[in-house]
Protein chains: 2
Amino acid sequence: MKAGLSKEKIIIIAAKMADEKGLAELTLKALADELGIKPPSLYKHFNGGLDELNKELMLYGWRMLDGEITKAVIGKAKDDAVIALCHTYRKFVSEHKGLFEAMQWYNMYQSEEHQQASAGSVDIIYRSLSSYEMTDEQKVHTVRMIRAFLQGFSTIEVHVGSNYPVPLDDSFDFALRTILSGIADMKGDE
Amino acid sequence: MKAGLSKEKIIIIAAKMADEKGLAELTLKALADELGIKPPSLYKHFNGGLDELNKELMLYGWRMLDGEITKAVIGKAKDDAVIALCHTYRKFVSEHKGLFEAMQWYNMYQSEEHQQASAGSVDIIYRSLSSYEMTDEQKVHTVRMIRAFLQGFSTIEVHVGSNYPVPLDDSFDFALRTILSGIADMKGDE
DNA sequence: TATAATAGCTAATGCAATTAGCATTATTGT
DNA sequence: ACAATAATGCTAATTGCATTAGCTATTATA
């Protein structure tokens, strides 16, 4: 019997499974079961087996995040753009914990492809900064800072959960304001 | 033959292996080979098998990082303390990439123990902020911001490597200055 | 020194990934 | 329409690691 599957459809299902149960639970066996096929059949779609599946999930995740961020910053500039970008990133992670795990996977097989995967988001952050008056080098630093903050905060949030007296939302906004204020201060600096 | 091993000795070797080859390569088989014993023997030290080994590595990593940070901030206050703390954290990660991977593992089996593991570092960051004039709530926010930044930056650094035109060192210092400047600005804010 | 605990071993099991080779269903060129 | 080909699925078999069970030697202790 032919199940009428395609790489894209499989990736979408796999992403859903990863988001629901965590990336570690996404085995070829579990995925095959879900799809109603046998594990070896997956190799017809993913020659590279589990590794390739993970790589595709990573790329899929970055593409999706790029798309959402792009939408979110349309028509916005400076602080508004950065704020929208950060909130979008955070929302994405909260809704796609499994994909986010896969997206952090990009050093394995330290290849080009993986480097480029996150380059899209980096580029969008970079362009969101275009309306600020800063040197290109300052922009690179700022992109890295924002990226580090977003990734770090998201990771902690995913891992730790949100059961504190002081809400994480407040901390996120606080940190965002701090970063923006830092950016505003950076005129005269080297 | 008795190899005269103890849980502690094994963890130290395992940590070294993880740092050298990556956490994923640290299998019970590889560890047993390295130790000159057979895989099942490891269960005499780690009842819980691979899971427990990973958990112990995580705890070991946090203990070690706590120790180094504690040493680094002795006799320092305010910005000096924060700067020392951040540099120490970053240096630690660059020297212990495998352990760092294990340290991020702390949500699995979403238990108490894991929560507490990173609490030590959080506490040290918190205490490093004691000499600033800010409310307790602001301190919590700031701790989270610093922690997110450090973790995010380190992760990116570990994953991406350092082959850019703009050196990561500069970006790190830049971000650190930005955060400190943001902290300095936060007097009147809510 | 007898006894219990410790730390190692071998043998066997289970499970997921993967490979090889076969069968069936689509597709496509004529 | 139909032969050739590609695509997609299957079963059977292999590999490798984690884990369990049960045995043995060594160490520590009463």
# chains A, B, ... in the order shown; residues from 1 in each chain; ligands from 1

$ residues_around --residues "segment 143-149 of chain A" --least-positions-apart "2" --cutoff "7 Å" --atoms "only C-alpha atoms (C1' of nucleotides)" --output "PyMOL selection string"
(chain A and resi 122+125-126+139-141+151-153) or (chain B and resi 148-149+152-153+156+171+175)

$ write_last_selection --atoms "C-alpha atoms" --output "PDB file, in the first residue's frame"
ATOM      1  CA  VAL A 122      20.431  36.699  11.942  1.00  0.00           C
ATOM      2  CA  ILE A 125      17.645  40.883  13.154  1.00  0.00           C
ATOM      3  CA  TYR A 126      20.359  42.731  11.317  1.00  0.00           C
ATOM      4  CA  LYS A 139      25.216  46.104  14.492  1.00  0.00           C
ATOM      5  CA  VAL A 140      26.984  42.775  14.424  1.00  0.00           C
ATOM      6  CA  HIS A 141      27.565  42.994  18.151  1.00  0.00           C
ATOM      7  CA  GLN A 151      18.190  31.874  22.780  1.00  0.00           C
ATOM      8  CA  GLY A 152      19.349  31.846  26.382  1.00  0.00           C
ATOM      9  CA  PHE A 153      16.096  33.095  27.767  1.00  0.00           C
TER      10      PHE A 153
ATOM     11  CA  ALA B 148      20.050  34.120  29.713  1.00  0.00           C
ATOM     12  CA  PHE B 149      22.726  36.154  28.032  1.00  0.00           C
ATOM     13  CA  GLY B 152      22.716  31.977  25.022  1.00  0.00           C
ATOM     14  CA  PHE B 153      26.040  33.428  24.097  1.00  0.00           C
ATOM     15  CA  ILE B 156      25.939  30.029  20.147  1.00  0.00           C
ATOM     16  CA  SER B 171      30.790  41.092  20.875  1.00  0.00           C
ATOM     17  CA  ALA B 175      27.100  43.042  25.198  1.00  0.00           C
TER      18      ALA B 175
END

$ interface_residues --of "chain B" --to "chain C" --cutoff "12 Å" --atoms "only C-alpha atoms (C1' of nucleotides)" --output "ChimeraX atom specification"
/B:1-7,32,36-46

$ write_last_selection --atoms "C-alpha atoms" --output "PDB file, in the first residue's frame"
ATOM      1  CA  MET B   1      40.376  -7.750  38.792  1.00  0.00           C
ATOM      2  CA  LYS B   2      39.347  -4.692  40.746  1.00  0.00           C
ATOM      3  CA  ALA B   3      40.052  -1.389  39.179  1.00  0.00           C
ATOM      4  CA  GLY B   4      39.740   0.682  42.337  1.00  0.00           C
ATOM      5  CA  LEU B   5      37.152   2.992  40.879  1.00  0.00           C
ATOM      6  CA  SER B   6      34.742   5.261  42.649  1.00  0.00           C
ATOM      7  CA  LYS B   7      31.794   7.231  41.455  1.00  0.00           C
ATOM      8  CA  ALA B  32      33.788   1.364  30.159  1.00  0.00           C
ATOM      9  CA  GLY B  36      39.227  -0.771  31.368  1.00  0.00           C
ATOM     10  CA  ILE B  37      36.051  -2.422  32.591  1.00  0.00           C
ATOM     11  CA  LYS B  38      32.947  -3.886  30.965  1.00  0.00           C
ATOM     12  CA  PRO B  39      29.770  -1.840  30.501  1.00  0.00           C
ATOM     13  CA  PRO B  40      27.631  -3.804  32.976  1.00  0.00           C
ATOM     14  CA  SER B  41      30.117  -3.055  35.717  1.00  0.00           C
ATOM     15  CA  LEU B  42      29.192   0.590  35.513  1.00  0.00           C
ATOM     16  CA  TYR B  43      25.820  -0.270  36.971  1.00  0.00           C
ATOM     17  CA  LYS B  44      27.559  -0.984  40.250  1.00  0.00           C
ATOM     18  CA  HIS B  45      28.375   2.724  40.430  1.00  0.00           C
ATOM     19  CA  PHE B  46      25.406   4.127  38.561  1.00  0.00           C
TER      20      PHE B  46
END

$ interface_residues --of "chain D" --to "chain B" --cutoff "8 Å" --atoms "only C-alpha atoms (C1' of nucleotides)" --output "short mmCIF file (atom, residue, chain, number, x, y, z; two decimals) with C-alpha atoms (C1' of nucleotides), in the first residue's frame"
data_model
loop_
_atom_site.label_atom_id
_atom_site.label_comp_id
_atom_site.auth_asym_id
_atom_site.auth_seq_id
_atom_site.Cartn_x
_atom_site.Cartn_y
_atom_site.Cartn_z
"C1'" DC D 17 24.31 -0.06 22.73
"C1'" DA D 18 21.74 -0.33 27.14
"C1'" DT D 19 20.27 -3.07 30.35
"C1'" DA D 25 36.48 -12.71 43.41
"C1'" DT D 26 38.01 -9.30 46.38
#

$ select_by_dssp --residues "segment 51-166 of chain B" --states "helix (DSSP H, G or I)" --output "ChimeraX atom specification"
/B:51-73,78-95,97-103,108-110,112-128,136-160

$ residues_around --residues "segment 9-12 of chain B" --least-positions-apart "3" --cutoff "8 Å" --atoms "only C-alpha atoms (C1' of nucleotides)" --output "list in words"
Leu5, Ser6, Ala15, Lys16, Leu35, Leu53, Glu56, Leu57 and Tyr60 of chain B

$ residues_around --residues "Asp170 of chain A" --least-positions-apart "3" --cutoff "10 Å" --atoms "only C-alpha atoms (C1' of nucleotides)" --output "PyMOL selection string"
(chain A and resi 166-167+173-176) or (chain B and resi 137-138+141)

$ residues_around --residues "segment 20-25 of chain B" --least-positions-apart "5" --cutoff "8 Å" --atoms "only C-alpha atoms (C1' of nucleotides)" --output "ChimeraX atom specification"
/B:30,97-99,101-102

$ residues_around --residues "Tyr89 of chain A" --least-positions-apart "6" --cutoff "8 Å" --atoms "only C-alpha atoms (C1' of nucleotides)" --output "list in words"
Leu65, Ile69 and Leu150 of chain A

$ closest_residue --among "B:Asp80, B:Glu95, B:Glu68, B:Asp123" --to "Asp19 of chain B" --atoms "only C-alpha atoms"
B:Glu95

$ atom_distance --atom1 "atom CA of Ile183 of chain A" --atom2 "atom CA of Asp185 of chain B"
11.8 Å

$ atom_distance --atom1 "atom CA of Leu26 of chain B" --atom2 "atom CA of Gly61 of chain B"
15.3 Å

$ atom_distance --atom1 "atom CA of Phe172 of chain B" --atom2 "atom CA of Gly75 of chain B"
23.2 Å

$ closest_residue --among "A:Ala119, A:Ala81, A:Ile124, A:Ala72" --to "chain B" --atoms "only C-alpha atoms"
A:Ala119

$ decode --residues "segment 26-50 of chain B" --atoms "C-alpha atoms" --output "PDB file, in the first residue's frame"
ATOM      1  CA  LEU B  26      29.935   9.454  25.848  1.00  0.00           C
ATOM      2  CA  THR B  27      28.291   6.043  25.817  1.00  0.00           C
ATOM      3  CA  LEU B  28      28.497   3.505  28.590  1.00  0.00           C
ATOM      4  CA  LYS B  29      30.505   1.342  26.250  1.00  0.00           C
ATOM      5  CA  ALA B  30      33.024   4.076  25.478  1.00  0.00           C
ATOM      6  CA  LEU B  31      33.328   4.975  29.133  1.00  0.00           C
ATOM      7  CA  ALA B  32      33.788   1.364  30.159  1.00  0.00           C
ATOM      8  CA  ASP B  33      36.463   0.894  27.499  1.00  0.00           C
ATOM      9  CA  GLU B  34      38.277   3.972  28.734  1.00  0.00           C
ATOM     10  CA  LEU B  35      38.129   2.717  32.302  1.00  0.00           C
ATOM     11  CA  GLY B  36      39.227  -0.771  31.368  1.00  0.00           C
ATOM     12  CA  ILE B  37      36.051  -2.422  32.591  1.00  0.00           C
ATOM     13  CA  LYS B  38      32.947  -3.886  30.965  1.00  0.00           C
ATOM     14  CA  PRO B  39      29.770  -1.840  30.501  1.00  0.00           C
ATOM     15  CA  PRO B  40      27.631  -3.804  32.976  1.00  0.00           C
ATOM     16  CA  SER B  41      30.117  -3.055  35.717  1.00  0.00           C
ATOM     17  CA  LEU B  42      29.192   0.590  35.513  1.00  0.00           C
ATOM     18  CA  TYR B  43      25.820  -0.270  36.971  1.00  0.00           C
ATOM     19  CA  LYS B  44      27.559  -0.984  40.250  1.00  0.00           C
ATOM     20  CA  HIS B  45      28.375   2.724  40.430  1.00  0.00           C
ATOM     21  CA  PHE B  46      25.406   4.127  38.561  1.00  0.00           C
ATOM     22  CA  ASN B  47      22.304   2.184  39.342  1.00  0.00           C
ATOM     23  CA  GLY B  48      20.329   4.295  36.954  1.00  0.00           C
ATOM     24  CA  GLY B  49      22.656   3.616  34.045  1.00  0.00           C
ATOM     25  CA  LEU B  50      23.231   6.252  31.405  1.00  0.00           C
TER      26      LEU B  50
END
